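Asks: Quick one, structure-v8.txt (compact mmCIF, C-alpha atoms and all ligand atoms):
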```txt
# COMPACT_ATOMS: atom_id res chain seq x y z
CA MET A 488 9.19 -10.42 -2.44
CA THR A 489 11.10 -7.90 -0.31
CA VAL A 490 13.23 -5.34 -2.09
CA LYS A 491 16.13 -3.90 -0.10
CA TRP A 492 16.26 -0.11 0.06
CA GLY A 493 19.00 2.28 1.16
CA LEU A 494 18.49 5.91 2.17
CA LEU A 495 20.96 8.46 0.85
CA SER A 496 20.99 11.03 3.69
CA THR A 497 19.16 11.49 6.97
CA ALA A 498 16.74 14.09 5.54
CA ARG A 499 13.44 14.97 7.22
CA VAL A 500 11.45 13.60 4.28
CA ASN A 501 12.83 10.09 4.98
CA LYS A 502 10.21 9.66 7.68
CA ASP A 503 7.49 9.27 5.04
CA ILE A 504 9.42 6.56 3.24
CA LEU A 505 10.33 4.81 6.52
CA THR A 506 6.67 4.79 7.57
CA ALA A 507 5.62 3.49 4.17
CA ALA A 508 8.33 0.80 4.23
CA SER A 509 7.29 -0.30 7.74
CA ARG A 510 3.81 -1.05 6.34
CA SER A 511 5.06 -2.53 3.10
CA VAL A 512 5.18 -6.18 2.13
CA ASN A 513 7.67 -5.54 -0.66
CA ALA A 514 10.13 -2.93 0.63
CA GLU A 515 12.54 -2.97 3.53
CA VAL A 516 14.97 -0.18 4.45
CA VAL A 517 18.23 -1.95 5.25
CA ALA A 518 20.74 0.94 5.22
CA VAL A 519 21.20 4.66 5.65
CA ALA A 520 24.14 6.85 4.69
CA SER A 521 25.09 10.26 5.99
CA ARG A 522 27.97 12.66 5.47
CA ARG A 523 28.97 11.94 9.07
CA ARG A 524 29.27 8.39 10.37
CA GLU A 525 28.02 9.29 13.88
CA GLN A 526 24.90 10.83 12.35
CA ALA A 527 24.28 7.72 10.25
CA VAL A 528 24.75 5.43 13.26
CA ALA A 529 22.45 7.49 15.52
CA TYR A 530 19.81 7.70 12.79
CA ALA A 531 20.03 3.95 12.11
CA GLN A 532 19.58 3.20 15.82
CA GLU A 533 16.64 5.56 16.16
CA HIS A 534 14.86 4.09 13.13
CA ARG A 535 16.02 0.47 13.57
CA ILE A 536 17.85 0.41 10.26
CA PRO A 537 20.37 -2.48 10.22
CA ARG A 538 23.29 -0.77 8.43
CA ALA A 539 24.80 2.73 8.72
CA PHE A 540 27.38 4.23 6.37
CA GLY A 541 29.54 7.33 6.88
CA SER A 542 29.49 8.31 3.22
CA TYR A 543 27.00 8.06 0.39
CA GLN A 544 29.45 6.12 -1.78
CA GLU A 545 29.81 3.37 0.84
CA LEU A 546 26.08 2.70 0.64
CA LEU A 547 26.27 2.53 -3.14
CA ASP A 548 29.11 0.00 -2.80
CA ASP A 549 26.92 -2.34 -0.71
CA PRO A 550 25.95 -5.11 -3.16
CA ASP A 551 22.89 -6.05 -1.12
CA ILE A 552 21.00 -2.81 -1.76
CA GLU A 553 18.67 -2.77 -4.73
CA VAL A 554 16.89 0.60 -4.56
CA VAL A 555 18.43 3.87 -3.42
CA TYR A 556 16.14 6.62 -2.17
CA ILE A 557 17.77 10.01 -2.80
CA SER A 558 16.60 12.68 -0.39
CA LEU A 559 19.53 15.04 -0.82
CA PRO A 560 19.27 18.79 -1.52
CA ASN A 561 18.05 19.43 -5.07
CA SER A 562 21.49 20.42 -6.42
CA LEU A 563 22.83 16.93 -5.59
CA HIS A 564 20.01 14.90 -7.15
CA ALA A 565 21.52 14.48 -10.61
CA GLU A 566 25.04 13.62 -9.47
CA TRP A 567 23.94 11.01 -6.94
CA SER A 568 21.22 9.53 -9.15
CA ILE A 569 23.85 8.95 -11.82
CA ARG A 570 26.36 7.53 -9.31
CA ALA A 571 23.71 5.20 -7.87
CA LEU A 572 22.61 4.00 -11.30
CA GLN A 573 26.25 3.43 -12.32
CA ALA A 574 26.66 1.37 -9.15
CA GLY A 575 23.81 -0.85 -10.38
CA LYS A 576 21.09 0.51 -8.09
CA HIS A 577 17.54 1.45 -9.00
CA VAL A 578 16.77 5.04 -8.01
CA LEU A 579 13.82 6.83 -6.49
CA CYS A 580 14.96 10.45 -6.38
CA GLU A 581 12.97 13.10 -4.57
CA LYS A 582 11.25 15.88 -6.47
CA PRO A 583 12.30 18.00 -8.22
CA LEU A 584 14.73 15.64 -9.94
CA THR A 585 16.55 18.63 -11.45
CA ARG A 586 15.89 22.02 -13.06
CA ARG A 587 18.15 21.18 -16.03
CA ALA A 588 16.97 19.14 -19.02
CA HIS A 589 20.51 18.04 -19.88
CA GLU A 590 20.83 16.44 -16.42
CA VAL A 591 17.64 14.43 -16.99
CA ARG A 592 19.14 13.12 -20.21
CA ALA A 593 22.37 12.16 -18.39
CA ILE A 594 20.44 10.41 -15.59
CA PHE A 595 18.32 8.32 -17.95
CA GLU A 596 21.31 7.56 -20.16
CA ALA A 597 22.97 6.12 -17.03
CA ALA A 598 19.77 4.17 -16.25
CA HIS A 599 19.65 2.80 -19.78
CA ARG A 600 23.30 1.73 -19.70
CA SER A 601 23.03 0.01 -16.34
CA LYS A 602 19.60 -1.48 -17.14
CA ARG A 603 18.16 0.03 -13.97
CA VAL A 604 15.05 2.15 -13.41
CA CYS A 605 14.84 5.69 -12.09
CA MET A 606 11.75 7.60 -10.96
CA GLU A 607 11.21 11.17 -9.81
CA GLY A 608 9.49 11.21 -6.41
CA LEU A 609 6.33 13.13 -7.32
CA MET A 610 4.33 11.09 -4.84
CA TYR A 611 0.94 12.72 -5.54
CA ARG A 612 0.94 11.10 -8.98
CA HIS A 613 0.47 7.70 -7.25
CA HIS A 614 -2.60 8.80 -5.30
CA PRO A 615 -6.08 7.58 -6.37
CA GLN A 616 -7.21 11.23 -6.28
CA THR A 617 -4.84 12.00 -9.17
CA LEU A 618 -5.94 8.90 -11.05
CA ARG A 619 -9.62 9.88 -10.58
CA LEU A 620 -8.85 13.38 -11.87
CA THR A 621 -7.31 12.03 -15.06
CA GLN A 622 -10.32 9.72 -15.53
CA LEU A 623 -12.77 12.62 -15.13
CA LEU A 624 -10.86 14.66 -17.69
CA ALA A 625 -10.65 11.74 -20.11
CA GLU A 626 -14.41 11.21 -19.76
CA GLY A 627 -14.91 14.88 -20.69
CA VAL A 628 -16.99 15.51 -17.58
CA ILE A 629 -16.26 19.27 -17.63
CA GLY A 630 -16.04 19.53 -21.40
CA ARG A 631 -12.85 20.76 -23.06
CA VAL A 632 -10.26 22.12 -20.62
CA GLN A 633 -9.70 25.86 -21.11
CA PHE A 634 -7.93 27.20 -18.06
CA ILE A 635 -6.03 25.67 -15.15
CA ARG A 636 -4.92 27.39 -11.96
CA ALA A 637 -2.61 25.94 -9.30
CA SER A 638 -1.53 27.58 -6.04
CA LEU A 639 0.74 26.40 -3.27
CA SER A 640 2.27 28.44 -0.48
CA PHE A 641 3.34 28.49 3.14
CA GLU A 642 5.60 30.61 5.31
CA LEU A 643 9.16 29.31 5.43
CA LEU A 644 10.81 31.09 8.34
CA VAL A 645 13.93 28.98 8.95
CA VAL A 646 16.73 30.90 7.23
CA SER A 647 19.08 27.87 7.21
CA ASP A 648 16.55 25.66 5.37
CA ILE A 649 18.01 24.08 2.20
CA ARG A 650 15.02 25.48 0.29
CA LEU A 651 16.37 29.01 0.77
CA SER A 652 19.84 28.21 -0.55
CA PRO A 653 20.61 29.20 -4.15
CA ASP A 654 23.71 26.96 -4.10
CA LEU A 655 21.56 23.92 -3.27
CA ASP A 656 18.99 24.74 -6.01
CA GLY A 657 16.42 25.93 -3.50
CA GLY A 658 13.54 28.21 -4.35
CA ALA A 659 9.75 28.27 -4.26
CA MET A 660 9.64 27.27 -7.93
CA MET A 661 11.70 24.16 -7.25
CA ASP A 662 10.07 23.15 -3.97
CA LEU A 663 6.42 24.04 -4.64
CA GLY A 664 6.26 25.04 -8.29
CA CYS A 665 7.33 21.57 -9.38
CA TYR A 666 3.99 20.21 -8.10
CA CYS A 667 2.02 22.91 -9.93
CA VAL A 668 3.95 22.42 -13.17
CA SER A 669 3.48 18.67 -12.88
CA SER A 670 -0.29 19.04 -12.45
CA LEU A 671 -0.64 21.57 -15.27
CA ARG A 672 1.27 19.21 -17.56
CA LEU A 673 -0.77 16.22 -16.39
CA VAL A 674 -3.99 18.04 -17.32
CA ALA A 675 -2.90 19.79 -20.52
CA GLY A 676 0.25 18.11 -21.87
CA GLU A 677 3.51 19.85 -22.72
CA PRO A 678 3.46 23.68 -22.89
CA LEU A 679 4.24 25.54 -26.12
CA SER A 680 5.51 28.59 -24.25
CA VAL A 681 6.00 29.79 -20.68
CA SER A 682 6.37 33.08 -18.83
CA GLY A 683 7.74 33.39 -15.31
CA LEU A 684 7.93 36.18 -12.77
CA GLN A 685 9.88 35.81 -9.54
CA VAL A 686 10.57 37.63 -6.30
CA THR A 687 13.99 36.74 -4.94
CA THR A 688 15.53 36.90 -1.47
CA ASP A 689 18.72 38.85 -0.75
CA ALA A 690 20.56 35.55 -1.13
CA GLY A 691 19.19 35.26 -4.66
CA VAL A 692 16.67 32.44 -4.36
CA ASP A 693 13.05 32.81 -5.50
CA SER A 694 10.69 33.15 -2.54
CA ARG A 695 7.69 33.72 -4.83
CA PHE A 696 7.13 32.56 -8.38
CA PHE A 697 4.25 33.19 -10.74
CA GLY A 698 4.05 31.31 -14.04
CA THR A 699 1.90 31.10 -17.14
CA LEU A 700 2.02 28.05 -19.40
CA VAL A 701 0.38 28.18 -22.83
CA PHE A 702 -0.65 24.75 -24.13
CA SER A 703 -2.63 25.66 -27.25
CA ASP A 704 -4.76 28.45 -28.70
CA GLU A 705 -7.41 27.73 -26.11
CA VAL A 706 -5.67 26.12 -23.12
CA VAL A 707 -3.69 28.19 -20.62
CA GLY A 708 -2.40 27.28 -17.16
CA GLN A 709 -1.25 29.57 -14.39
CA PHE A 710 0.34 28.95 -11.04
CA ASP A 711 1.63 30.89 -8.07
CA VAL A 712 3.88 29.57 -5.32
CA ALA A 713 5.44 31.28 -2.32
CA PHE A 714 7.45 30.77 0.85
CA THR A 715 6.12 34.09 2.13
CA LEU A 716 2.34 33.64 2.14
CA PRO A 717 -0.15 31.79 4.35
CA ARG A 718 -0.70 28.08 3.75
CA ARG A 719 -2.65 27.54 0.53
CA SER A 720 -3.04 24.56 -1.77
CA ARG A 721 -5.48 24.39 -4.67
CA LEU A 722 -5.92 23.09 -8.20
CA GLU A 723 -8.79 24.40 -10.32
CA ILE A 724 -9.59 23.23 -13.83
CA ILE A 725 -12.12 25.16 -15.88
CA GLY A 726 -13.72 23.43 -18.83
CA THR A 727 -16.32 24.41 -21.39
CA ARG A 728 -19.07 22.68 -19.33
CA GLY A 729 -17.95 23.02 -15.73
CA THR A 730 -15.11 23.11 -13.23
CA ILE A 731 -13.08 20.74 -11.08
CA VAL A 732 -11.51 21.91 -7.82
CA ILE A 733 -9.12 19.91 -5.64
CA SER A 734 -8.29 21.58 -2.37
CA ASP A 735 -5.49 19.18 -1.38
CA PRO A 736 -4.05 18.13 -4.74
CA TRP A 737 -0.47 17.26 -3.72
CA MET A 738 -0.23 16.25 -0.07
CA CYS A 739 -3.55 14.35 -0.48
CA GLU A 740 -4.19 14.25 3.27
CA ASN A 741 -7.82 15.29 2.77
CA PRO A 742 -8.62 13.92 -0.65
CA GLY A 743 -11.79 14.80 -2.51
CA ILE A 744 -12.71 16.28 -5.88
CA GLU A 745 -15.37 18.97 -6.33
CA VAL A 746 -17.10 18.89 -9.69
CA THR A 747 -19.37 21.82 -10.56
CA LEU A 748 -21.77 21.50 -13.51
CA ASN A 749 -24.58 23.98 -14.18
CA GLY A 750 -23.93 25.72 -10.86
CA LYS A 751 -24.38 22.49 -8.88
CA THR A 752 -21.36 21.15 -6.96
CA GLU A 753 -20.84 17.49 -6.16
CA THR A 754 -17.90 16.29 -4.05
CA LEU A 755 -16.45 12.96 -5.08
CA MET A 756 -15.05 11.12 -2.08
CA ILE A 757 -11.61 9.61 -2.52
CA GLU A 758 -10.02 6.92 -0.37
CA ALA A 759 -7.48 8.41 2.09
CA VAL A 760 -4.45 6.24 1.38
CA SER A 761 -0.75 7.08 1.61
CA HIS A 762 0.77 7.99 -1.75
CA TYR A 763 4.19 7.09 -0.29
CA ASP A 764 2.94 3.51 0.24
CA LEU A 765 1.86 3.36 -3.39
CA GLU A 766 5.07 5.01 -4.60
CA ILE A 767 7.41 2.57 -2.89
CA ALA A 768 5.25 -0.38 -3.93
CA ASN A 769 5.48 0.75 -7.56
CA MET A 770 9.23 1.35 -7.28
CA SER A 771 9.87 -2.01 -5.62
CA ARG A 772 7.88 -3.92 -8.24
CA ALA A 773 9.60 -1.95 -11.03
CA ALA A 774 13.00 -2.82 -9.55
CA ARG A 775 12.10 -6.50 -9.89
CA GLY A 776 10.83 -6.01 -13.45
CA MET A 777 7.23 -6.75 -12.43
CA GLU A 778 5.83 -3.44 -13.74
CA SER A 779 6.98 -0.08 -15.11
CA THR A 780 7.63 2.94 -12.93
CA LEU A 781 4.62 5.25 -13.06
CA LEU A 782 6.95 8.13 -13.93
CA GLY A 783 9.98 7.84 -16.15
CA HIS A 784 12.27 9.63 -18.55
CA VAL A 785 9.67 11.51 -20.59
CA ASP A 786 7.83 12.96 -17.62
CA ALA A 787 11.08 13.96 -15.88
CA LEU A 788 12.28 15.68 -19.03
CA GLY A 789 8.97 17.50 -19.47
CA GLN A 790 9.22 18.68 -15.88
CA ALA A 791 12.84 19.84 -16.00
CA ARG A 792 12.70 21.66 -19.31
CA THR A 793 9.53 23.51 -18.25
CA ILE A 794 11.10 24.58 -14.94
CA GLU A 795 14.28 25.56 -16.78
CA ALA A 796 12.30 27.66 -19.25
CA LEU A 797 10.31 29.32 -16.44
CA TYR A 798 13.52 30.35 -14.68
CA SER A 799 14.98 31.58 -17.99
CA SER A 800 11.82 33.58 -18.64
CA ALA A 801 11.87 35.15 -15.18
CA ALA A 802 15.54 36.10 -15.60
CA ALA A 803 15.13 37.47 -19.13
CA GLY A 804 11.72 39.10 -18.61
CA ARG A 805 10.22 37.56 -21.73
CA THR A 806 8.15 34.58 -22.85
CA ILE A 807 10.13 31.46 -23.74
CA THR A 808 8.92 29.20 -26.55
CA LEU A 809 9.56 25.51 -26.06
CA PRO A 810 10.35 23.15 -28.93
CA GLU A 811 8.46 19.89 -29.22
CA LEU A 812 9.56 17.49 -26.48
CA ASP A 813 12.55 15.68 -27.92
CA GLN A 814 13.58 12.74 -25.79
N1 LIG A 901 7.88 14.26 -1.88
C1 LIG A 901 7.75 14.86 -0.72
O1 LIG A 901 6.74 14.70 -0.04
C2 LIG A 901 8.86 15.71 -0.19
C3 LIG A 901 8.72 16.34 1.05
C4 LIG A 901 9.80 17.07 1.55
C5 LIG A 901 10.97 17.17 0.82
N2 LIG A 901 11.07 16.58 -0.39
C6 LIG A 901 12.33 16.65 -1.15
O2 LIG A 901 13.30 15.88 -0.45
C7 LIG A 901 14.58 16.47 -0.53
C8 LIG A 901 15.10 16.69 0.87
O3 LIG A 901 14.27 17.61 1.54
P1 LIG A 901 14.27 17.73 3.15
O4 LIG A 901 13.49 18.93 3.48
O5 LIG A 901 13.89 16.43 3.74
O6 LIG A 901 15.81 18.02 3.39
P2 LIG A 901 16.65 18.14 4.74
O7 LIG A 901 15.87 17.67 5.91
O8 LIG A 901 17.27 19.50 4.79
O9 LIG A 901 17.77 17.04 4.48
C9 LIG A 901 18.65 17.08 3.40
C10 LIG A 901 19.78 16.09 3.72
O10 LIG A 901 20.73 16.16 2.69
C11 LIG A 901 22.03 15.90 3.23
N3 LIG A 901 22.95 16.93 2.69
C12 LIG A 901 23.98 16.70 1.84
N4 LIG A 901 24.61 17.83 1.54
C13 LIG A 901 23.98 18.82 2.20
C14 LIG A 901 24.19 20.22 2.28
N5 LIG A 901 25.18 20.82 1.61
N6 LIG A 901 23.36 20.92 3.07
C15 LIG A 901 22.37 20.33 3.73
N7 LIG A 901 22.10 19.00 3.69
C16 LIG A 901 22.92 18.25 2.92
C17 LIG A 901 21.92 15.92 4.75
O11 LIG A 901 22.00 14.58 5.18
P3 LIG A 901 23.27 13.97 5.91
O12 LIG A 901 23.78 15.04 6.83
O13 LIG A 901 22.71 12.81 6.62
O14 LIG A 901 24.27 13.60 4.87
C18 LIG A 901 20.53 16.42 5.02
O15 LIG A 901 19.92 15.79 6.11
C19 LIG A 901 14.40 17.74 -1.36
O16 LIG A 901 14.74 17.47 -2.70
C20 LIG A 901 12.92 18.04 -1.25
O17 LIG A 901 12.40 18.74 -2.38
C21 LIG A 901 10.05 15.85 -0.89
```
Write the structure described by the file as structure tokens, please.
Ligand SMILES: NC(=O)c1ccc[n+]([C@@H]2O[C@H](COP(=O)([O-])OP(=O)(O)OC[C@H]3O[C@@H](n4cnc5c(N)ncnc54)[C@H](OP(=O)(O)O)[C@@H]3O)[C@@H](O)[C@H]2O)c1
Replies:
Amino acid sequence: MTVKWGLLSTARVNKDILTAASRSVNAEVVAVASRRREQAVAYAQEHRIPRAFGSYQELLDDPDIEVVYISLPNSLHAEWSIRALQAGKHVLCEKPLTRRAHEVRAIFEAAHRSKRVCMEGLMYRHHPQTLRLTQLLAEGVIGRVQFIRASLSFELLVVSDIRLSPDLDGGAMMDLGCYCVSSLRLVAGEPLSVSGLQVTTDAGVDSRFFGTLVFSDEVVGQFDVAFTLPRRSRLEIIGTRGTIVISDPWMCENPGIEVTLNGKTETLMIEAVSHYDLEIANMSRAARGMESTLLGHVDALGQARTIEALYSSAAAGRTITLPELDQ
């Protein structure tokens, strides 16, 4: 079985999907679309992609394409996910799908109507390291989870980068915070309330974001993300009996889980596989109805409404209470 994929844009992140597809037995990239035809043609030649389109809509109009990979700036994710689904395509849309809960509802309504699947591209969720983490927590290895801390930062110096554009829904919260929020939610469920604090650039996009998520009387998560700090990446989970630390929780290039019990630390080795390989395999099989997407409507909604509430909290300077997750 080979599922035919099309790339919506010539974004940098495409290289991970192209590499994964080149190794895949069930996915083949057959087309790329760009805002400019010459760009699409040059990109297609460079990456040996058979078809090149000079507009995103032309790719959606190609009846041969089954899955569309959306690697557009964040502000365009919802619009093009919906257009792709309405055109009868399955959609893998890069993270963060959107910062607006109402857009998630519109996307999955379109998926429902067209009987197609849509998944947010949180690739780390497909990695065996993440699966092992959830198993350890379910086994109660560190007791009851009490506190979770997530950190992710690097120095973003290119002023023209889409991640620094407020109009394109850039921001450290969107680019990096979405991973932290996803992990906190994976460990502790949906938050009852959130508080956010941001530092913004002159252009008005958050270059640093600090958030607190309250999950219950005893479970609290915190994260900090920044485009203005040295490279850091860490997830720490503190339970009543011990702690778990993952030093590469999202890129998963150096997987491994440190478990500390009674002051003694053991590192669990994890297979170094590509989460992009696993992501496109899952998406391809889901497109053919052979399995479900690992991530769907409920997770995307939980993500978006938490991010939305964090931004609202940062703007208003107060804690935001979230209602129960209503799909
Ligand atoms: N999961 C991951 O590992 C991962 C890693 C990196 C990024 N991402 C996500 O992938 C998405 C793309 O990120 P990226 O860093 O790869 O982006 P990028 O290199 O800046 O590419 C974005 C593409 O969007 C298209 N585009 C359409 N309208 C645009 C506009 N107004 N301004 C700029 N570009 C526009 C352009 O393609 P054309 O000119 O060809 O139309 C451009 O190449 C983001 O949502 C990001 O969060 C995910």
Asks: From the set A:Ser761, A:Gln633, A:Thr730, A:Thr808, which residue has the shortest atom-to-atom contact distance to ligand LIG 901 (chain A), counting all atoms listed in the file?
Replies: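 That would be A:Ser761, the residue with the smallest distance to ligand LIG 901 (chain A).
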Asks: Taking all atoms listed in the file into account, report as a list in words which residues have an atom no farther than 6 Å from an atom of ligand LIG 901 (chain A).
Replies: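 Selection of residues at most 6 Å from ligand LIG 901 (chain A): Ser496, Thr497, Ala498, Arg499, Val500, Ser521, Arg522, Ser558, Leu559, Pro560, Asn561, Glu581, Lys582, Pro583, Gly608, Leu609, Met610, Ile649 and Asp662 of chain A.
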Asks: At most 6 Å is the cut-off: for each residue in stretch 733-760 of chain A with any atom that close to an atom of stretch 712-729 of chain A, write down the nearest atom pair and the distance in Å rounded to one decimal, counting all atoms listed in the file, chain first then increasing number, as JSON lines.
Replies:
```
{"residue": "A:Ile733", "atom": "CA", "partner": "A:Leu722", "partner_atom": "CA", "distance": 5.2}
{"residue": "A:Ser734", "atom": "CA", "partner": "A:Arg721", "partner_atom": "CA", "distance": 4.6}
{"residue": "A:Asp735", "atom": "CA", "partner": "A:Ser720", "partner_atom": "CA", "distance": 5.9}
{"residue": "A:Thr747", "atom": "CA", "partner": "A:Gly729", "partner_atom": "CA", "distance": 5.5}
{"residue": "A:Leu748", "atom": "CA", "partner": "A:Gly729", "partner_atom": "CA", "distance": 4.7}
```
Asks: Put a box with edges along x, y and z around all the listed atoms of stretch 729-732 of chain A, pad it by 4 Å on each side, then give me its centre and sizes in Å, one decimal, as AutoDock Vina command-line options.
Replies:
```
--center_x -14.7 --center_y 21.9 --center_z -11.8 --size_x 14.4 --size_y 10.4 --size_z 15.9
```
Asks: What's around A:Leu546 at 8 Å? Count all atoms listed in the file, leave out sequence neighbours fewer than 5 positions away in its own chain, and write the answer as a PyMOL selection string.
Replies: chain A and resi 493+495+518-520+540+552
